[in-house]
>>> print(open('query-v1.cif').read())   # mmCIF, C-alpha atoms
data_coords
#
loop_
_atom_site.group_PDB
_atom_site.id
_atom_site.type_symbol
_atom_site.label_atom_id
_atom_site.label_comp_id
_atom_site.auth_asym_id
_atom_site.auth_seq_id
_atom_site.Cartn_x
_atom_site.Cartn_y
_atom_site.Cartn_z
ATOM 1 C CA MET T 1 19.615 -3.619 -8.428
ATOM 2 C CA ALA T 2 17.193 -2.358 -11.095
ATOM 3 C CA ASN T 3 14.786 0.420 -10.191
ATOM 4 C CA VAL T 4 11.092 -0.519 -10.185
ATOM 5 C CA ILE T 5 9.884 2.958 -9.207
ATOM 6 C CA GLU T 6 11.311 6.066 -10.869
ATOM 7 C CA VAL T 7 10.028 9.525 -9.968
ATOM 8 C CA SER T 8 11.533 12.606 -11.590
ATOM 9 C CA ARG T 9 10.549 16.252 -10.985
ATOM 10 C CA LEU T 10 7.037 15.256 -9.897
ATOM 11 C CA ILE T 11 4.639 18.155 -9.349
ATOM 12 C CA LYS T 12 0.992 18.091 -8.332
ATOM 13 C CA ARG T 13 -0.893 21.369 -8.065
ATOM 14 C CA TYR T 14 -4.576 21.369 -7.135
ATOM 15 C CA LYS T 15 -6.911 23.946 -8.628
ATOM 16 C CA ASN T 16 -7.074 27.195 -6.629
ATOM 17 C CA SER T 17 -4.183 26.081 -4.389
ATOM 18 C CA PRO T 18 -1.403 28.688 -4.111
ATOM 19 C CA ASP T 19 1.337 26.075 -3.628
ATOM 20 C CA PRO T 20 1.880 22.610 -5.134
ATOM 21 C CA SER T 21 0.968 19.677 -2.891
ATOM 22 C CA VAL T 22 3.960 17.840 -4.363
ATOM 23 C CA ASN T 23 6.751 20.163 -5.421
ATOM 24 C CA ASN T 24 9.532 18.892 -7.721
ATOM 25 C CA VAL T 25 9.993 15.519 -6.008
ATOM 26 C CA SER T 26 12.501 12.976 -7.366
ATOM 27 C CA PHE T 27 13.535 9.543 -6.042
ATOM 28 C CA ALA T 28 14.006 5.932 -7.146
ATOM 29 C CA VAL T 29 13.192 2.579 -5.533
ATOM 30 C CA GLY T 30 15.067 -0.603 -6.354
ATOM 31 C CA SER T 31 13.573 -4.047 -6.911
ATOM 32 C CA GLY T 32 12.887 -5.759 -3.592
ATOM 33 C CA GLU T 33 13.612 -2.596 -1.628
ATOM 34 C CA PHE T 34 11.719 -1.429 1.454
ATOM 35 C CA PHE T 35 11.192 2.304 0.873
ATOM 36 C CA SER T 36 9.426 4.553 3.379
ATOM 37 C CA LEU T 37 7.939 7.973 2.673
ATOM 38 C CA LEU T 38 7.473 9.866 5.944
ATOM 39 C CA GLY T 39 6.002 13.215 6.865
ATOM 40 C CA PRO T 40 3.345 15.012 8.902
ATOM 41 C CA ASN T 41 -0.290 15.327 7.840
ATOM 42 C CA GLY T 42 -0.594 17.458 4.718
ATOM 43 C CA ALA T 43 3.015 16.853 3.690
ATOM 44 C CA GLY T 44 2.050 15.300 0.334
ATOM 45 C CA LYS T 45 2.476 11.599 1.168
ATOM 46 C CA THR T 46 -0.986 10.430 0.133
ATOM 47 C CA THR T 47 -0.946 12.654 -2.970
ATOM 48 C CA THR T 48 2.372 11.098 -4.014
ATOM 49 C CA ILE T 49 1.250 7.512 -3.477
ATOM 50 C CA SER T 50 -2.056 8.214 -5.268
ATOM 51 C CA ILE T 51 -0.142 9.417 -8.330
ATOM 52 C CA LEU T 52 2.205 6.422 -8.247
ATOM 53 C CA THR T 53 -0.756 4.017 -8.094
ATOM 54 C CA THR T 54 -2.552 5.748 -11.030
ATOM 55 C CA THR T 55 -5.525 6.925 -8.960
ATOM 56 C CA LEU T 56 -4.601 10.620 -9.276
ATOM 57 C CA SER T 57 -3.219 12.524 -12.254
ATOM 58 C CA LYS T 58 -0.011 14.502 -11.922
ATOM 59 C CA THR T 59 0.526 18.078 -13.053
ATOM 60 C CA SER T 60 3.981 17.410 -14.478
ATOM 61 C CA GLY T 61 7.023 15.201 -14.131
ATOM 62 C CA LEU T 62 7.896 11.619 -15.040
ATOM 63 C CA VAL T 63 6.801 8.511 -13.135
ATOM 64 C CA LYS T 64 7.555 4.921 -14.131
ATOM 65 C CA ILE T 65 6.428 1.803 -12.278
ATOM 66 C CA ALA T 66 8.160 -1.472 -13.250
ATOM 67 C CA GLY T 67 9.419 0.336 -16.360
ATOM 68 C CA LEU T 68 5.883 1.374 -17.344
ATOM 69 C CA ASP T 69 4.755 4.969 -17.817
ATOM 70 C CA ILE T 70 1.840 5.687 -15.452
ATOM 71 C CA ASP T 71 0.065 7.894 -18.011
ATOM 72 C CA ARG T 72 0.351 5.763 -21.146
ATOM 73 C CA GLN T 73 0.375 2.308 -19.516
ATOM 74 C CA SER T 74 -1.785 2.756 -16.430
ATOM 75 C CA SER T 75 -3.691 -0.509 -16.885
ATOM 76 C CA ALA T 76 -0.459 -2.518 -17.072
ATOM 77 C CA VAL T 77 0.869 -0.671 -14.010
ATOM 78 C CA ARG T 78 -2.163 -1.701 -11.958
ATOM 79 C CA GLN T 79 -1.467 -5.376 -12.730
ATOM 80 C CA LYS T 80 1.963 -5.028 -11.089
ATOM 81 C CA ILE T 81 0.919 -3.377 -7.854
ATOM 82 C CA GLY T 82 -1.069 -3.960 -4.683
ATOM 83 C CA ILE T 83 -2.478 -1.071 -2.679
ATOM 84 C CA ILE T 84 -3.620 -0.626 0.896
ATOM 85 C CA PHE T 85 -5.096 2.861 1.048
ATOM 86 C CA GLN T 86 -5.459 5.002 4.148
ATOM 87 C CA ASN T 87 -9.221 5.163 3.546
ATOM 88 C CA PRO T 88 -11.131 1.915 2.892
ATOM 89 C CA SER T 89 -12.214 1.188 -0.700
ATOM 90 C CA LEU T 90 -14.466 -1.770 0.059
ATOM 91 C CA ASP T 91 -18.028 -2.335 -1.146
ATOM 92 C CA PRO T 92 -20.072 -2.103 2.070
ATOM 93 C CA ASN T 93 -22.998 -4.089 0.681
ATOM 94 C CA LEU T 94 -20.960 -7.184 -0.147
ATOM 95 C CA THR T 95 -19.633 -9.648 2.390
ATOM 96 C CA ALA T 96 -15.956 -9.529 3.307
ATOM 97 C CA GLU T 97 -15.238 -12.658 1.261
ATOM 98 C CA GLU T 98 -17.185 -11.358 -1.751
ATOM 99 C CA ASN T 99 -14.938 -8.282 -1.777
ATOM 100 C CA VAL T 100 -11.913 -10.572 -1.919
ATOM 101 C CA ARG T 101 -13.515 -12.801 -4.568
ATOM 102 C CA PHE T 102 -14.310 -9.897 -6.897
ATOM 103 C CA HIS T 103 -10.764 -8.611 -6.490
ATOM 104 C CA ALA T 104 -9.344 -12.015 -7.399
ATOM 105 C CA ALA T 105 -11.558 -12.195 -10.506
ATOM 106 C CA LEU T 106 -10.647 -8.627 -11.489
ATOM 107 C CA TYR T 107 -6.968 -9.573 -11.529
ATOM 108 C CA ASP T 108 -7.696 -12.805 -13.433
ATOM 109 C CA LEU T 109 -6.325 -14.877 -10.571
ATOM 110 C CA TYR T 110 -9.270 -17.251 -10.538
ATOM 111 C CA PRO T 111 -12.438 -17.639 -12.616
ATOM 112 C CA TYR T 112 -15.348 -15.921 -10.897
ATOM 113 C CA ARG T 113 -17.975 -18.123 -9.275
ATOM 114 C CA PRO T 114 -21.207 -16.836 -7.678
ATOM 115 C CA PHE T 115 -20.588 -18.746 -4.442
ATOM 116 C CA TYR T 116 -17.504 -19.266 -2.282
ATOM 117 C CA SER T 117 -18.141 -23.021 -2.225
ATOM 118 C CA LEU T 118 -17.663 -23.134 -6.006
ATOM 119 C CA MET T 119 -14.305 -21.323 -5.988
ATOM 120 C CA PRO T 120 -11.104 -23.331 -6.648
ATOM 121 C CA THR T 121 -9.266 -24.913 -3.725
ATOM 122 C CA ASP T 122 -6.215 -22.704 -4.342
ATOM 123 C CA TYR T 123 -8.346 -19.617 -3.839
ATOM 124 C CA LYS T 124 -9.804 -20.952 -0.584
ATOM 125 C CA ASN T 125 -6.322 -21.877 0.675
ATOM 126 C CA GLN T 126 -4.951 -18.420 -0.124
ATOM 127 C CA VAL T 127 -7.852 -16.706 1.644
ATOM 128 C CA THR T 128 -7.471 -18.966 4.683
ATOM 129 C CA HIS T 129 -3.709 -18.375 4.782
ATOM 130 C CA LEU T 130 -3.932 -14.583 4.606
ATOM 131 C CA THR T 131 -6.843 -14.218 6.996
ATOM 132 C CA SER T 132 -5.107 -16.378 9.596
ATOM 133 C CA ILE T 133 -2.030 -14.155 9.401
ATOM 134 C CA ILE T 134 -3.912 -10.911 9.787
ATOM 135 C CA GLY T 135 -6.492 -12.100 12.316
ATOM 136 C CA LEU T 136 -9.830 -12.529 10.528
ATOM 137 C CA THR T 137 -12.043 -15.570 11.045
ATOM 138 C CA ALA T 138 -14.333 -17.527 8.724
ATOM 139 C CA SER T 139 -17.249 -15.906 10.534
ATOM 140 C CA ASP T 140 -15.843 -12.435 9.792
ATOM 141 C CA LEU T 141 -15.585 -13.283 6.096
ATOM 142 C CA SER T 142 -19.280 -14.092 5.895
ATOM 143 C CA LYS T 143 -20.369 -10.730 7.335
ATOM 144 C CA PRO T 144 -21.349 -7.703 5.224
ATOM 145 C CA VAL T 145 -18.535 -5.156 5.195
ATOM 146 C CA LYS T 146 -20.847 -2.523 6.673
ATOM 147 C CA ALA T 147 -21.147 -4.696 9.800
ATOM 148 C CA LEU T 148 -17.375 -4.840 10.348
ATOM 149 C CA SER T 149 -15.446 -2.597 12.702
ATOM 150 C CA GLY T 150 -12.877 -0.156 11.362
ATOM 151 C CA GLY T 151 -10.007 -2.440 12.361
ATOM 152 C CA MET T 152 -11.602 -5.449 10.669
ATOM 153 C CA LYS T 153 -12.109 -3.459 7.469
ATOM 154 C CA ARG T 154 -8.424 -2.563 7.594
ATOM 155 C CA LYS T 155 -7.504 -6.228 7.902
ATOM 156 C CA LEU T 156 -9.757 -7.092 4.957
ATOM 157 C CA GLU T 157 -8.096 -4.417 2.812
ATOM 158 C CA ILE T 158 -4.750 -6.009 3.567
ATOM 159 C CA VAL T 159 -5.952 -9.515 2.675
ATOM 160 C CA ARG T 160 -7.470 -8.291 -0.577
ATOM 161 C CA SER T 161 -4.348 -6.371 -1.636
ATOM 162 C CA LEU T 162 -2.106 -9.403 -1.092
ATOM 163 C CA MET T 163 -4.229 -11.917 -3.002
ATOM 164 C CA HIS T 164 -2.500 -11.426 -6.351
ATOM 165 C CA GLN T 165 1.025 -11.393 -4.864
ATOM 166 C CA PRO T 166 1.948 -8.007 -6.358
ATOM 167 C CA GLN T 167 5.444 -7.133 -7.532
ATOM 168 C CA ILE T 168 5.165 -3.789 -5.708
ATOM 169 C CA LEU T 169 3.056 -3.256 -2.606
ATOM 170 C CA PHE T 170 1.999 0.289 -1.721
ATOM 171 C CA LEU T 171 1.008 0.786 1.915
ATOM 172 C CA ASP T 172 -0.597 4.086 2.905
ATOM 173 C CA GLU T 173 -0.641 4.162 6.733
ATOM 174 C CA PRO T 174 -1.344 0.381 6.716
ATOM 175 C CA THR T 175 -1.339 -0.226 10.477
ATOM 176 C CA SER T 176 -3.843 2.504 11.303
ATOM 177 C CA GLY T 177 -6.613 0.895 13.354
ATOM 178 C CA LEU T 178 -4.796 -2.419 13.857
ATOM 179 C CA ASP T 179 -4.207 -3.949 17.272
ATOM 180 C CA PRO T 180 -0.549 -4.611 18.290
ATOM 181 C CA LEU T 181 -0.670 -8.356 17.481
ATOM 182 C CA SER T 182 -2.164 -7.795 14.022
ATOM 183 C CA ARG T 183 0.415 -5.078 13.380
ATOM 184 C CA LYS T 184 3.246 -7.457 14.292
ATOM 185 C CA ASN T 185 1.781 -10.281 12.193
ATOM 186 C CA LEU T 186 1.461 -7.962 9.196
ATOM 187 C CA TRP T 187 5.071 -6.830 9.374
ATOM 188 C CA ASP T 188 6.303 -10.403 9.885
ATOM 189 C CA TYR T 189 4.421 -11.443 6.738
ATOM 190 C CA LEU T 190 5.697 -8.487 4.723
ATOM 191 C CA THR T 191 9.253 -9.379 5.745
ATOM 192 C CA GLN T 192 8.601 -12.948 4.628
ATOM 193 C CA ILE T 193 7.264 -12.068 1.164
ATOM 194 C CA ARG T 194 10.141 -9.651 0.585
ATOM 195 C CA LYS T 195 12.573 -12.495 1.206
ATOM 196 C CA SER T 196 10.675 -15.205 -0.678
ATOM 197 C CA ASN T 197 9.165 -13.219 -3.580
ATOM 198 C CA GLY T 198 11.402 -10.159 -3.833
ATOM 199 C CA THR T 199 8.352 -7.927 -3.274
ATOM 200 C CA THR T 200 9.073 -4.205 -3.228
ATOM 201 C CA ILE T 201 7.465 -2.386 -0.284
ATOM 202 C CA PHE T 202 6.544 1.310 -0.536
ATOM 203 C CA LEU T 203 5.288 2.601 2.808
ATOM 204 C CA THR T 204 3.866 5.964 3.819
ATOM 205 C CA THR T 205 3.646 6.609 7.545
ATOM 206 C CA HIS T 206 3.916 9.204 10.299
ATOM 207 C CA TYR T 207 6.156 6.946 12.314
ATOM 208 C CA LEU T 208 9.938 6.773 11.974
ATOM 209 C CA GLU T 209 9.809 3.634 14.147
ATOM 210 C CA GLU T 210 7.654 1.826 11.556
ATOM 211 C CA ALA T 211 10.287 2.633 8.950
ATOM 212 C CA GLU T 212 13.132 1.361 11.154
ATOM 213 C CA ASN T 213 13.841 -1.645 8.912
ATOM 214 C CA SER T 214 13.586 0.289 5.647
ATOM 215 C CA ASP T 215 16.418 0.300 3.154
ATOM 216 C CA THR T 216 15.649 3.931 2.355
ATOM 217 C CA VAL T 217 13.691 6.631 4.167
ATOM 218 C CA CYS T 218 12.429 9.744 2.378
ATOM 219 C CA ILE T 219 11.012 12.556 4.502
ATOM 220 C CA ILE T 220 8.684 15.018 2.835
ATOM 221 C CA LYS T 221 7.392 18.292 4.266
ATOM 222 C CA SER T 222 5.184 20.854 2.537
ATOM 223 C CA GLY T 223 5.482 18.856 -0.680
ATOM 224 C CA LYS T 224 9.285 18.863 -0.776
ATOM 225 C CA ILE T 225 11.888 16.249 0.142
ATOM 226 C CA VAL T 226 13.831 17.391 3.213
ATOM 227 C CA ALA T 227 15.822 14.193 3.870
ATOM 228 C CA LEU T 228 16.650 11.013 1.947
ATOM 229 C CA GLY T 229 18.815 8.076 2.954
ATOM 230 C CA SER T 230 19.119 5.060 5.220
ATOM 231 C CA PRO T 231 17.350 5.123 8.611
ATOM 232 C CA ALA T 232 20.739 5.457 10.345
ATOM 233 C CA LYS T 233 21.672 8.416 8.165
ATOM 234 C CA ILE T 234 18.289 10.074 8.687
ATOM 235 C CA LYS T 235 18.559 9.746 12.469
ATOM 236 C CA LYS T 236 21.969 11.404 12.428
ATOM 237 C CA THR T 237 20.945 14.300 10.207
ATOM 238 C CA LEU T 238 17.484 15.057 11.608
ATOM 239 C CA PRO T 239 17.185 17.550 14.467
ATOM 240 C CA ALA T 240 16.041 16.115 17.788
ATOM 241 C CA ALA T 241 12.557 17.608 17.352
ATOM 242 C CA THR T 242 11.007 16.421 14.088
ATOM 243 C CA PRO T 243 7.547 17.160 12.629
ATOM 244 C CA LEU T 244 6.615 13.469 12.716
ATOM 245 C CA SER T 245 4.101 11.939 15.080
ATOM 246 C CA ASN T 246 4.818 9.728 18.052
ATOM 247 C CA PRO T 247 5.011 5.966 17.403
ATOM 248 C CA PRO T 248 1.891 3.806 17.635
ATOM 249 C CA THR T 249 1.197 2.162 20.980
#
>>> encode(input="query-v1.cif", output="structure tokens")
Amino acid sequence: MANVIEVSRLIKRYKNSPDPSVNNVSFAVGSGEFFSLLGPNGAGKTTTISILTTTLSKTSGLVKIAGLDIDRQSSAVRQKIGIIFQNPSLDPNLTAEENVRFHAALYDLYPYRPFYSLMPTDYKNQVTHLTSIIGLTASDLSKPVKALSGGMKRKLEIVRSLMHQPQILFLDEPTSGLDPLSRKNLWDYLTQIRKSNGTTIFLTTHYLEEAENSDTVCIIKSGKIVALGSPAKIKKTLPAATPLSNPPT
């Protein structure tokens, strides 16, 4: 199984910070793998995923995504990946559907049209399919983003990130703010696209339970890897009291 994510001796040090936020981290993720990066708040999870998705520069180290160097080939990297960030990155003044439409045009999935009614049938079908899975309605899509609840914005982020069927999907605390049914539907869909498309899933979370079906779990604390292996191996090697949060309810 070829590696689609390669991280070697990654370091990120913020200005005026006495210690690196990410401190000499190395790991690899194979094609089609479900890889989970776990740790408490402030462990370096979001910093790591931000570097891997080209939204934050690294201090040193080597990172390749789908064989592409994130520094020299960042634009090509972004064509390969989908991202669901912990904090929403939606335009609040556009409708929910307009956010999706602009995303689709940005990735050259469909030619941009000024109105939803003028968009191709394939686009409409994809939007309908994804929104039905995650629990948004046609009425929700017509609302301005600023009128949506936090959970609905989360669902919209997920729909938007899946539109271009990315080779690698980065999920930064993706189920935060989702109700139990939407959470289950999301994970059922992610399992489906892994099987059908060979999509690689890179998850960051507080919850060991969310990473239960991972191929590999990497636990990071204070910017350093403290455990790496299968979920079964991690459970055997971790002490009974871990720094991770309780599972979502």
>>> atom_distance(input="query-v1.cif", atom1="CA of Arg78 in chain T", atom2="CA of Thr95 in chain T")
24.0 Å
>>> closest_residue(input="query-v1.cif", among="T:Met163, T:Ser60, T:Lys80, T:Gly229", to="Asn125 in chain T", atoms="all atoms listed in the file")
T:Met163
>>> closest_atom_pairs(input="query-v1.cif", of="range 41-103 of chain T", to="range 149-153 of chain T", cutoff="10 Å", atoms="all atoms listed in the file", output="CSV")
residue,atom,partner,partner_atom,distance
T:Asn87,CA,T:Lys153,CA,9.9
T:Pro88,CA,T:Lys153,CA,7.1
T:Ser89,CA,T:Lys153,CA,9.4
T:Leu90,CA,T:Lys153,CA,8.0
T:Pro92,CA,T:Lys153,CA,9.7
T:Ala96,CA,T:Lys153,CA,8.3
>>> write_last_selection(input="query-v1.cif", atoms="C-alpha atoms", output="PDB file, in the frame of the given file")
ATOM      1  CA  ASN T  87      -9.221   5.163   3.546  1.00  0.00           C
ATOM      2  CA  PRO T  88     -11.131   1.915   2.892  1.00  0.00           C
ATOM      3  CA  SER T  89     -12.214   1.188  -0.700  1.00  0.00           C
ATOM      4  CA  LEU T  90     -14.466  -1.770   0.059  1.00  0.00           C
ATOM      5  CA  PRO T  92     -20.072  -2.103   2.070  1.00  0.00           C
ATOM      6  CA  ALA T  96     -15.956  -9.529   3.307  1.00  0.00           C
TER       7      ALA T  96
END
>>> closest_residue(input="query-v1.cif", among="T:Ile134, T:Leu156, T:His206, T:Tyr14", to="Asp179 in chain T", atoms="only C-alpha atoms")
T:Ile134
>>> residues_around(input="query-v1.cif", residues="Gln167 in chain T", least_positions_apart="6", cutoff="12 Å", atoms="only C-alpha atoms", output="ChimeraX atom specification")
/T:4-5,30-33,65-66,77-83,161,193-194,196-202
>>> closest_atom_pairs(input="query-v1.cif", of="range 96-189 of chain T", to="range 42-45 of chain T", cutoff="12 Å", atoms="all atoms listed in the file", output="JSON lines")
{"residue": "T:Phe170", "atom": "CA", "partner": "T:Lys45", "partner_atom": "CA", "distance": 11.7}
{"residue": "T:Leu171", "atom": "CA", "partner": "T:Lys45", "partner_atom": "CA", "distance": 10.9}
{"residue": "T:Asp172", "atom": "CA", "partner": "T:Lys45", "partner_atom": "CA", "distance": 8.3}
{"residue": "T:Glu173", "atom": "CA", "partner": "T:Lys45", "partner_atom": "CA", "distance": 9.8}
>>> residues_around(input="query-v1.cif", residues="Arg183 in chain T", least_positions_apart="4", cutoff="12 Å", atoms="all atoms listed in the file", output="PyMOL selection string")
chain T and resi 133-135+151+154-155+158+173-179+187-190+210+248-249
>>> resolve_selection(input="query-v1.cif", expression="the PyMOL selection byres ((chain T and resi 70) around 12)", output="MDAnalysis selection string")
chainID T and resid 5:7 50:58 60:69 71:81
>>> residues_around(input="query-v1.cif", residues="Glu98 in chain T", least_positions_apart="5", cutoff="10 Å", atoms="only C-alpha atoms", output="number ranges by chain")
T: 91, 93, 103-104, 114-116, 141-145
>>> write_last_selection(input="query-v1.cif", atoms="C-alpha atoms", output="tab-separated table (two decimals), keeping the file's coordinate frame")
chain	number	residue	atom	x	y	z
T	91	ASP	CA	-18.03	-2.34	-1.15
T	93	ASN	CA	-23.00	-4.09	0.68
T	103	HIS	CA	-10.76	-8.61	-6.49
T	104	ALA	CA	-9.34	-12.02	-7.40
T	114	PRO	CA	-21.21	-16.84	-7.68
T	115	PHE	CA	-20.59	-18.75	-4.44
T	116	TYR	CA	-17.50	-19.27	-2.28
T	141	LEU	CA	-15.58	-13.28	6.10
T	142	SER	CA	-19.28	-14.09	5.90
T	143	LYS	CA	-20.37	-10.73	7.34
T	144	PRO	CA	-21.35	-7.70	5.22
T	145	VAL	CA	-18.54	-5.16	5.20
>>> resolve_selection(input="query-v1.cif", expression="the PyMOL selection byres ((chain T and resi 37-39) around 9)", output="PyMOL selection string")
chain T and resi 35-36+40-45+202-208+211+216-222+243-245
>>> axis_aligned_box(input="query-v1.cif", around="range 168-179 of chain T", padding_each_side="5 Å", output="AutoDock Vina command-line options")
--center_x -0.7 --center_y 0.1 --center_z 5.8 --size_x 21.8 --size_y 18.1 --size_z 33.0
>>> atom_distance(input="query-v1.cif", atom1="CA of Glu97 in chain T", atom2="CA of Leu162 in chain T")
13.7 Å
>>> resolve_selection(input="query-v1.cif", expression="the PyMOL selection byres ((chain T and resi 126) around 12)", output="PyMOL selection string")
chain T and resi 97+100-101+104+109-110+119-125+127-133+159-160+162-165
>>> atom_distance(input="query-v1.cif", atom1="CA of Leu136 in chain T", atom2="CA of Asn213 in chain T")
26.1 Å
>>> closest_residue(input="query-v1.cif", among="T:Pro180, T:Pro166, T:Gly223, T:Leu118", to="Arg13 in chain T", atoms="all atoms listed in the file")
T:Gly223
>>> closest_residue(input="query-v1.cif", among="T:Leu94, T:Asn185, T:Arg113, T:Tyr107", to="Lys146 in chain T", atoms="only C-alpha atoms")
T:Leu94
>>> closest_residue(input="query-v1.cif", among="T:Ser21, T:Pro231, T:Phe102, T:Ile84", to="Glu209 in chain T", atoms="all atoms listed in the file")
T:Pro231
